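Trainee: Before anything else, here's the structure in question.
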Amino acid sequence: MTQPDPIRRAVPDAATLSTWTAPDGWPLRRFDWPNSRGRGRLMIQGGRGDPIEKHLETFGHFHRQGWSITAFDWRGQGGSGRLSADPHVGHADDFTPWIADLAALWRDWSAAGDGPRGIIGHSMGGYLALRAMVEGAIDPDAAVLVAPMLGLRSPVGERLGARIAGWMVRYRDPATPAWRDGKQPVSLATRRHLLTGDASRYADEGWWHERNPTIRLGPPSWGWLAEAFAATRALVADPRLDTLPTPTLLLVAEADGLVDPRATIRVARRLPRGELIRFGRESAHEILREADPVRDRALAAIDTFLDVRARP
């Protein structure tokens, strides 16, 4: 089991947490960690429910490679407020505002510096990054999608799961949690194994929640689930994927129990400049928070990709 690296449980002294205001006035919590080496700039975005703190170790790796790092908490989670009356419910009935937030911050961020610009998106963040590229909302020199949410796993299958979520939002408040906090459809032990085989890295999330309970997010709402099923289906069907010019590396965990790896593999084959790295049963959903053999292989692949595709 990996022993906690200090960076995993402390915001670096040279980094800043600030508030960036979206064009509609919504405050988003932002992280910036400049680097004097001038390798370039990376925007790194997490998945549903992920606060900035969860990915500090990943930020640290790329900062050591010479990159300046920027990230922000998605609207409705982390330190960026909530979209439902219950602060523990991860609600969204439309993902479009997240694309607008990313596009606006990308414009500001791009204008504030020089050099190569890359984006790394995990899970929901990977879906949003890919959709933003397809829609022309962002224009990175290179993109990395880590276990991107391009299809959802469901205990009853994706098609029936989408129907159930759609029925629930029609006949109930869409902000109703899909399950009650503390009563997940899986045990905590199972949740850990769905995310990572590294117990120490898994514990980091709870460590941060204890110290700052306001960044903790619980279950998704039925509205979020219905939109996730519909939005991922629409993106995978978008013909603009076939002409996307951005060099894009996709990392997939074939045993992923949260998102559908088959959808990612199909999308990777369609992208004109897509590259695919596959992991087997050795990796769960959070590839960059997995045990060192998996994590090290993934980081080495990303470093090589960025060295070739996002040269200074």
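Residue numbering restarts at 1 in every chain; chains get A, B, ... in the order shown in the structure tokens, and ligands count up from 1 in that same order.
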Report as a list in words all protein, DNA and RNA residues lying within 6 Å of region 274-280 of chain A, evaluated on only C-alpha atoms, omitting residues in the same chain fewer than 2 positions from it.
Mentor: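 Near region 274-280 of chain A, the qualifying residues are Thr248, Leu249, Leu250, Leu251, Val252, Ala253, Glu254, Ala268, Leu271, Pro272 and Glu282 of chain A.
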Trainee: Residues within 6 Å of region 289-293 of chain A, please, as a ChimeraX atom specification. Count only C-alpha atoms; anything in the same chain fewer than 5 positions from it doesn't count.
Mentor: /A:196-198
Trainee: Store the residues of this selection in a file with N, CA, C and O atoms, as a tab-separated table (two decimals), in the first residue's frame.
Mentor:
chain	number	residue	atom	x	y	z
A	196	THR	N	-10.36	2.50	-7.00
A	196	THR	CA	-8.92	2.26	-7.02
A	196	THR	C	-8.56	1.06	-6.16
A	196	THR	O	-9.21	0.80	-5.14
A	197	GLY	N	-7.53	0.36	-6.55
A	197	GLY	CA	-7.01	-0.73	-5.74
A	197	GLY	C	-6.04	-0.27	-4.68
A	197	GLY	O	-5.54	-1.08	-3.90
A	198	ASP	N	-5.76	1.03	-4.63
A	198	ASP	CA	-4.81	1.58	-3.67
A	198	ASP	C	-5.58	2.19	-2.48
A	198	ASP	O	-6.17	3.26	-2.59
Trainee: Could you name the residues that touch Ala231 (chain A) at 9 Å or less, counting only C-alpha atoms, but leaving out those on the same chain fewer than 5 positions away, as an NGL selection string?
Mentor: :A and (94-95 or 150 or 226 or 236)
Trainee: Which polymer residues have any atom within 12 Å of an atom of region 32-39 of chain A, counting only C-alpha atoms, with same-chain residues fewer than 3 positions away left out, as a ChimeraX atom specification?
Mentor: /A:11-20,29,42-44,52,56,59-60,62-72,109,112-118,303,306-307,310-312
Trainee: Using only C-alpha atoms, pick whichever of A:Gly47, A:Gly90, A:Gly136, A:Gly151 has the shortest atom-to-atom distance to Gly121 (chain A).
Mentor: A:Gly47
Trainee: Env of Leu102 (chain A): 9 Å cut, atoms = only C-alpha atoms, seq-sep filter 6 positions within chain, self excluded. Answer as a short mmCIF file (atom, residue, chain, number, x, y, z; two decimals) with N, CA, C and O atoms, in the first residue's frame.
Mentor:
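Output below, filename result_18.cif:
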data_model
loop_
_atom_site.label_atom_id
_atom_site.label_comp_id
_atom_site.auth_asym_id
_atom_site.auth_seq_id
_atom_site.Cartn_x
_atom_site.Cartn_y
_atom_site.Cartn_z
N TRP A 74 -15.94 22.02 -10.71
CA TRP A 74 -17.12 22.20 -11.55
C TRP A 74 -18.25 22.87 -10.77
O TRP A 74 -18.40 22.65 -9.56
N LEU A 128 -16.63 16.12 -20.59
CA LEU A 128 -16.82 17.55 -20.82
C LEU A 128 -15.71 18.12 -21.69
O LEU A 128 -15.96 18.98 -22.56
N ALA A 129 -14.47 17.67 -21.49
CA ALA A 129 -13.37 18.15 -22.31
C ALA A 129 -13.57 17.76 -23.78
O ALA A 129 -13.38 18.58 -24.69
N ALA A 132 -16.43 19.75 -25.29
CA ALA A 132 -16.04 21.13 -25.52
C ALA A 132 -15.16 21.24 -26.76
O ALA A 132 -15.26 22.21 -27.53
N ALA A 137 -15.55 24.83 -28.31
CA ALA A 137 -15.53 25.72 -27.14
C ALA A 137 -14.13 25.89 -26.58
O ALA A 137 -13.84 26.91 -25.93
N ILE A 138 -13.25 24.91 -26.77
CA ILE A 138 -11.85 25.00 -26.36
C ILE A 138 -10.99 24.47 -27.50
O ILE A 138 -11.46 23.68 -28.33
#
